[in-house]
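Participant: Here you go, this is run-v6.txt (compact mmCIF, N, CA and C atoms).
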```txt
# COMPACT_ATOMS: atom_id res chain seq x y z
N MET A 103 -6.46 25.55 15.40
CA MET A 103 -6.04 24.47 14.52
C MET A 103 -6.69 24.66 13.15
N ALA A 104 -5.92 24.42 12.09
CA ALA A 104 -6.41 24.58 10.73
C ALA A 104 -7.41 23.47 10.38
N LYS A 105 -8.34 23.82 9.48
CA LYS A 105 -9.34 22.86 9.06
C LYS A 105 -8.74 21.87 8.07
N VAL A 106 -9.07 20.60 8.23
CA VAL A 106 -8.59 19.55 7.33
C VAL A 106 -9.50 19.52 6.10
N TYR A 107 -8.91 19.66 4.90
CA TYR A 107 -9.66 19.62 3.66
C TYR A 107 -9.42 18.32 2.89
N PHE A 108 -8.23 17.75 3.03
CA PHE A 108 -7.86 16.56 2.29
C PHE A 108 -7.22 15.54 3.23
N ILE A 109 -7.52 14.27 2.99
CA ILE A 109 -6.89 13.19 3.74
C ILE A 109 -6.44 12.13 2.74
N GLY A 110 -5.20 11.71 2.87
CA GLY A 110 -4.69 10.57 2.11
C GLY A 110 -4.65 9.39 3.06
N LEU A 111 -5.36 8.32 2.72
CA LEU A 111 -5.47 7.17 3.60
C LEU A 111 -4.81 5.97 2.94
N ASP A 112 -3.73 5.48 3.56
CA ASP A 112 -3.03 4.29 3.10
C ASP A 112 -3.48 3.15 4.00
N ILE A 113 -4.28 2.25 3.43
CA ILE A 113 -4.82 1.17 4.25
C ILE A 113 -3.98 -0.09 4.10
N ALA A 114 -3.83 -0.78 5.19
CA ALA A 114 -3.11 -2.05 5.22
C ALA A 114 -3.94 -3.02 6.05
N ARG A 115 -3.37 -4.15 6.39
CA ARG A 115 -4.13 -5.15 7.12
C ARG A 115 -4.56 -4.66 8.50
N ASN A 116 -3.64 -4.14 9.29
CA ASN A 116 -3.96 -3.72 10.65
C ASN A 116 -3.66 -2.26 10.94
N VAL A 117 -2.63 -1.71 10.32
CA VAL A 117 -2.20 -0.35 10.62
C VAL A 117 -2.41 0.54 9.40
N PHE A 118 -3.07 1.67 9.60
CA PHE A 118 -3.32 2.62 8.53
C PHE A 118 -2.40 3.82 8.71
N GLN A 119 -2.07 4.46 7.59
CA GLN A 119 -1.31 5.71 7.61
C GLN A 119 -2.26 6.80 7.14
N VAL A 120 -2.43 7.84 7.95
CA VAL A 120 -3.36 8.93 7.64
C VAL A 120 -2.58 10.22 7.49
N PHE A 121 -2.65 10.82 6.30
CA PHE A 121 -1.99 12.09 6.01
C PHE A 121 -3.09 13.13 5.83
N SER A 122 -3.02 14.25 6.55
CA SER A 122 -4.03 15.30 6.42
C SER A 122 -3.38 16.59 5.94
N ALA A 123 -4.16 17.36 5.14
CA ALA A 123 -3.68 18.63 4.58
C ALA A 123 -4.79 19.66 4.61
N ASP A 124 -4.38 20.93 4.60
CA ASP A 124 -5.35 22.02 4.58
C ASP A 124 -5.73 22.35 3.13
N GLY A 125 -6.45 23.45 2.93
CA GLY A 125 -6.92 23.84 1.61
C GLY A 125 -5.83 24.17 0.61
N GLN A 126 -4.66 24.58 1.09
CA GLN A 126 -3.53 24.88 0.19
C GLN A 126 -2.60 23.69 0.00
N GLY A 127 -2.92 22.56 0.60
CA GLY A 127 -2.09 21.37 0.47
C GLY A 127 -0.98 21.29 1.50
N LYS A 128 -0.97 22.18 2.47
CA LYS A 128 0.05 22.17 3.52
C LYS A 128 -0.23 21.03 4.49
N LYS A 129 0.83 20.30 4.83
CA LYS A 129 0.71 19.15 5.72
C LYS A 129 0.26 19.58 7.11
N LEU A 130 -0.80 18.94 7.60
CA LEU A 130 -1.28 19.19 8.95
C LEU A 130 -0.93 18.05 9.89
N GLY A 131 -0.81 16.85 9.35
CA GLY A 131 -0.49 15.71 10.20
C GLY A 131 -0.22 14.47 9.38
N ASN A 132 0.49 13.54 9.99
CA ASN A 132 0.81 12.27 9.37
C ASN A 132 0.97 11.27 10.50
N ARG A 133 0.05 10.34 10.63
CA ARG A 133 0.09 9.44 11.78
C ARG A 133 -0.32 8.03 11.40
N LYS A 134 0.21 7.08 12.17
CA LYS A 134 -0.17 5.68 12.04
C LYS A 134 -1.27 5.41 13.05
N MET A 135 -2.23 4.58 12.65
CA MET A 135 -3.26 4.19 13.60
C MET A 135 -3.87 2.85 13.19
N HIS A 136 -4.37 2.14 14.17
CA HIS A 136 -5.03 0.86 13.92
C HIS A 136 -6.43 1.10 13.38
N ARG A 137 -7.04 0.03 12.84
CA ARG A 137 -8.36 0.13 12.23
C ARG A 137 -9.38 0.84 13.11
N GLN A 138 -9.54 0.38 14.32
CA GLN A 138 -10.55 0.94 15.21
C GLN A 138 -10.26 2.41 15.52
N ALA A 139 -9.00 2.74 15.72
CA ALA A 139 -8.63 4.13 15.98
C ALA A 139 -8.92 5.00 14.76
N ALA A 140 -8.74 4.46 13.56
CA ALA A 140 -9.03 5.22 12.34
C ALA A 140 -10.51 5.53 12.23
N LEU A 141 -11.34 4.55 12.56
CA LEU A 141 -12.79 4.78 12.52
C LEU A 141 -13.20 5.85 13.53
N GLU A 142 -12.63 5.81 14.71
CA GLU A 142 -12.91 6.83 15.72
C GLU A 142 -12.41 8.20 15.28
N TYR A 143 -11.24 8.23 14.63
CA TYR A 143 -10.67 9.48 14.12
C TYR A 143 -11.62 10.14 13.12
N PHE A 144 -12.18 9.34 12.22
CA PHE A 144 -13.07 9.90 11.20
C PHE A 144 -14.42 10.33 11.77
N THR A 145 -14.87 9.72 12.85
CA THR A 145 -16.13 10.16 13.46
C THR A 145 -15.97 11.52 14.13
N ARG A 146 -14.76 11.87 14.59
CA ARG A 146 -14.52 13.15 15.26
C ARG A 146 -14.20 14.28 14.29
N LEU A 147 -13.90 13.96 13.03
CA LEU A 147 -13.44 14.94 12.05
C LEU A 147 -14.62 15.45 11.21
N GLN A 148 -14.52 16.71 10.76
CA GLN A 148 -15.50 17.24 9.83
C GLN A 148 -15.33 16.53 8.49
N PRO A 149 -16.41 16.19 7.78
CA PRO A 149 -16.28 15.53 6.48
C PRO A 149 -15.46 16.36 5.50
N CYS A 150 -14.61 15.68 4.74
CA CYS A 150 -13.75 16.32 3.75
C CYS A 150 -13.50 15.31 2.63
N THR A 151 -12.52 15.55 1.79
CA THR A 151 -12.18 14.66 0.70
C THR A 151 -11.10 13.67 1.16
N VAL A 152 -11.32 12.38 0.88
CA VAL A 152 -10.39 11.32 1.27
C VAL A 152 -9.93 10.59 0.02
N GLY A 153 -8.63 10.46 -0.17
CA GLY A 153 -8.06 9.70 -1.28
C GLY A 153 -7.53 8.37 -0.78
N ILE A 154 -7.94 7.27 -1.44
CA ILE A 154 -7.52 5.92 -1.05
C ILE A 154 -7.07 5.17 -2.30
N GLU A 155 -5.97 4.44 -2.18
CA GLU A 155 -5.53 3.58 -3.28
C GLU A 155 -6.56 2.46 -3.46
N ALA A 156 -7.03 2.27 -4.68
CA ALA A 156 -8.06 1.27 -4.96
C ALA A 156 -7.51 -0.15 -4.76
N CYS A 157 -8.19 -0.91 -3.91
CA CYS A 157 -7.89 -2.32 -3.68
C CYS A 157 -9.15 -2.95 -3.09
N GLY A 158 -9.10 -4.19 -2.72
CA GLY A 158 -10.27 -4.89 -2.21
C GLY A 158 -10.90 -4.23 -1.01
N THR A 159 -10.11 -3.90 0.00
CA THR A 159 -10.69 -3.31 1.21
C THR A 159 -10.95 -1.81 1.06
N ALA A 160 -10.39 -1.19 0.03
CA ALA A 160 -10.64 0.24 -0.18
C ALA A 160 -12.12 0.49 -0.46
N HIS A 161 -12.79 -0.45 -1.11
CA HIS A 161 -14.21 -0.28 -1.42
C HIS A 161 -15.04 -0.31 -0.14
N TYR A 162 -14.67 -1.15 0.80
CA TYR A 162 -15.36 -1.18 2.09
C TYR A 162 -15.21 0.16 2.80
N TRP A 163 -13.96 0.65 2.86
CA TRP A 163 -13.71 1.92 3.54
C TRP A 163 -14.36 3.08 2.81
N ALA A 164 -14.40 3.01 1.48
CA ALA A 164 -15.05 4.07 0.71
C ALA A 164 -16.55 4.11 1.04
N ARG A 165 -17.20 2.96 1.11
CA ARG A 165 -18.62 2.94 1.47
C ARG A 165 -18.84 3.46 2.88
N THR A 166 -18.00 3.01 3.82
CA THR A 166 -18.14 3.44 5.21
C THR A 166 -17.97 4.94 5.35
N LEU A 167 -16.93 5.49 4.74
CA LEU A 167 -16.67 6.92 4.84
C LEU A 167 -17.72 7.75 4.10
N THR A 168 -18.23 7.24 2.99
CA THR A 168 -19.27 7.95 2.25
C THR A 168 -20.54 8.05 3.10
N GLU A 169 -20.86 6.99 3.82
CA GLU A 169 -22.02 7.02 4.71
C GLU A 169 -21.85 8.05 5.82
N MET A 170 -20.59 8.32 6.18
CA MET A 170 -20.30 9.31 7.23
C MET A 170 -20.27 10.74 6.69
N GLY A 171 -20.41 10.91 5.36
CA GLY A 171 -20.46 12.24 4.77
C GLY A 171 -19.19 12.66 4.04
N TYR A 172 -18.19 11.82 3.96
CA TYR A 172 -16.94 12.15 3.29
C TYR A 172 -17.07 11.97 1.78
N ALA A 173 -16.30 12.75 1.02
CA ALA A 173 -16.18 12.57 -0.42
C ALA A 173 -14.94 11.70 -0.64
N VAL A 174 -15.13 10.50 -1.16
CA VAL A 174 -14.03 9.54 -1.29
C VAL A 174 -13.62 9.41 -2.75
N LYS A 175 -12.33 9.48 -2.99
CA LYS A 175 -11.76 9.30 -4.33
C LYS A 175 -10.87 8.05 -4.29
N LEU A 176 -11.19 7.05 -5.10
CA LEU A 176 -10.34 5.87 -5.21
C LEU A 176 -9.33 6.12 -6.31
N ILE A 177 -8.07 5.90 -6.01
CA ILE A 177 -6.98 6.20 -6.92
C ILE A 177 -6.41 4.90 -7.47
N ASN A 178 -6.22 4.86 -8.77
CA ASN A 178 -5.64 3.69 -9.44
C ASN A 178 -4.25 3.43 -8.86
N PRO A 179 -3.91 2.17 -8.53
CA PRO A 179 -2.60 1.87 -7.93
C PRO A 179 -1.41 2.35 -8.77
N GLN A 180 -1.53 2.34 -10.10
CA GLN A 180 -0.42 2.83 -10.92
C GLN A 180 -0.22 4.33 -10.76
N ASP A 181 -1.29 5.05 -10.46
CA ASP A 181 -1.19 6.50 -10.28
C ASP A 181 -0.68 6.89 -8.90
N VAL A 182 -0.77 6.00 -7.93
CA VAL A 182 -0.29 6.29 -6.58
C VAL A 182 1.22 6.46 -6.58
N LYS A 183 1.92 5.75 -7.45
CA LYS A 183 3.39 5.84 -7.49
C LYS A 183 3.86 7.27 -7.75
N LYS A 184 3.08 8.04 -8.47
CA LYS A 184 3.44 9.44 -8.76
C LYS A 184 3.53 10.27 -7.48
N PHE A 185 2.70 9.93 -6.49
CA PHE A 185 2.68 10.68 -5.24
C PHE A 185 3.81 10.28 -4.30
N LEU A 186 4.42 9.13 -4.53
CA LEU A 186 5.42 8.61 -3.61
C LEU A 186 6.84 9.04 -3.92
N GLY A 187 7.08 9.54 -5.11
CA GLY A 187 8.43 9.95 -5.45
C GLY A 187 9.28 8.76 -5.88
N ASN A 188 10.47 8.60 -5.32
CA ASN A 188 11.41 7.57 -5.75
C ASN A 188 11.40 6.33 -4.85
N ARG A 189 10.28 6.02 -4.25
CA ARG A 189 10.22 4.81 -3.43
C ARG A 189 10.06 3.59 -4.32
N ASN A 190 10.22 2.42 -3.77
CA ASN A 190 10.19 1.18 -4.55
C ASN A 190 8.82 0.52 -4.50
N LYS A 191 7.79 1.21 -5.00
CA LYS A 191 6.46 0.62 -5.08
C LYS A 191 6.41 -0.25 -6.32
N THR A 192 6.01 -1.50 -6.16
CA THR A 192 6.07 -2.44 -7.28
C THR A 192 4.71 -2.87 -7.82
N ASP A 193 3.60 -2.53 -7.14
CA ASP A 193 2.31 -2.99 -7.67
C ASP A 193 1.64 -1.94 -8.52
```
As structure tokens, what does this structure read like?
Facilitator:
Amino acid sequence: MAKVYFIGLDIARNVFQVFSADGQGKKLGNRKMHRQAALEYFTRLQPCTVGIEACGTAHYWARTLTEMGYAVKLINPQDVKKFLGNRNKTD
């Protein structure tokens, strides 16, 4: 299995979307998981870079993941739209 270098974490109230990629940006996985499952997922993974859209709970997750050894990048919500393509993101 390829090593995960980057993770895009879309956090919501109960269900998170986790996108993982290798060093060249090739997709390794894309899965939905609940909060507790996400925390368990990150404890089993080697520390890497995690990108999260900046919001109220993103700061909590950024602190938690940083304590676990991850490099966390908070992304401005206006800049997240660039990664989504032609979807209808309004915030």
Participant: Counting all atoms listed in the file, figure out which residue out of A:Ile113, A:Ala104, A:Val152, A:Val120 gets nearest to Asn132 in chain A.
Facilitator: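 Checking each of A:Ile113, A:Ala104, A:Val152, A:Val120 against Asn132 in chain A, counting all atoms listed in the file, the winner is A:Val120.
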Participant: Hey, can you check how far atom C of Ala156 in chain A sits from atom N of Gly125 in chain A?
Facilitator: 24.8 Å
Participant: Work out how far apart atom N of Tyr107 in chain A and atom C of Cys150 in chain A are and give it in Å to one decimal.
Facilitator: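 One can read the atom N of Tyr107 in chain A to atom C of Cys150 in chain A distance as 6.7 Å.
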Participant: At a cut-off of 12 Å, using only C-alpha atoms, what residues contact Gly131 in chain A? Leave out same-chain residues fewer than 6 positions from it and give the result as a PyMOL selection string.
Facilitator: chain A and resi 103-111+119-124
Participant: Which distance in Å separates atom C of Trp163 in chain A and atom N of Lys175 in chain A, to one decimal?
Facilitator: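 Going from atom C of Trp163 in chain A over to atom N of Lys175 in chain A covers 8.9 Å.
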Participant: Counting all atoms listed in the file, which of A:Ile154, A:Leu147, A:Phe118, A:Asp181 gets nearest to Arg133 in chain A?
Facilitator: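 Using all atoms listed in the file, the shortest distance to Arg133 in chain A belongs to A:Phe118.
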Participant: Padding 3 Å on each side, edges along x, y and z: where is the centre of the box around the listed atoms of range 134-148 of chain A, and how long are its edges in Å to one decimal? Output it as lines of an AutoDock Vina configuration file.
Facilitator:
```
center_x = -8.0
center_y = 8.6
center_z = 12.2
size_x = 22.3
size_y = 23.2
size_z = 13.5
```
Participant: How would you write, as a VMD selection string, the set of residues in range 139-176 of chain A that DSSP gives as alpha helix (DSSP H)?
Facilitator: chain A and resid 139 to 146 158 to 169
Participant: My list of candidates is A:Gly153, A:Leu167, A:Val117, A:Arg146. Which is closest to Pro179 in chain A when distances are computed with only C-alpha atoms?
Facilitator: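 Of A:Gly153, A:Leu167, A:Val117, A:Arg146, the one nearest Pro179 in chain A, counting only C-alpha atoms, is A:Gly153.
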Participant: Could you tell me which of A:Ala114, A:Ala173, A:Val182, A:Ala164 comes closest to Thr151 in chain A if we count only C-alpha atoms?
Facilitator: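 Looking at the shortest contact to Thr151 in chain A, the residue is A:Ala173.
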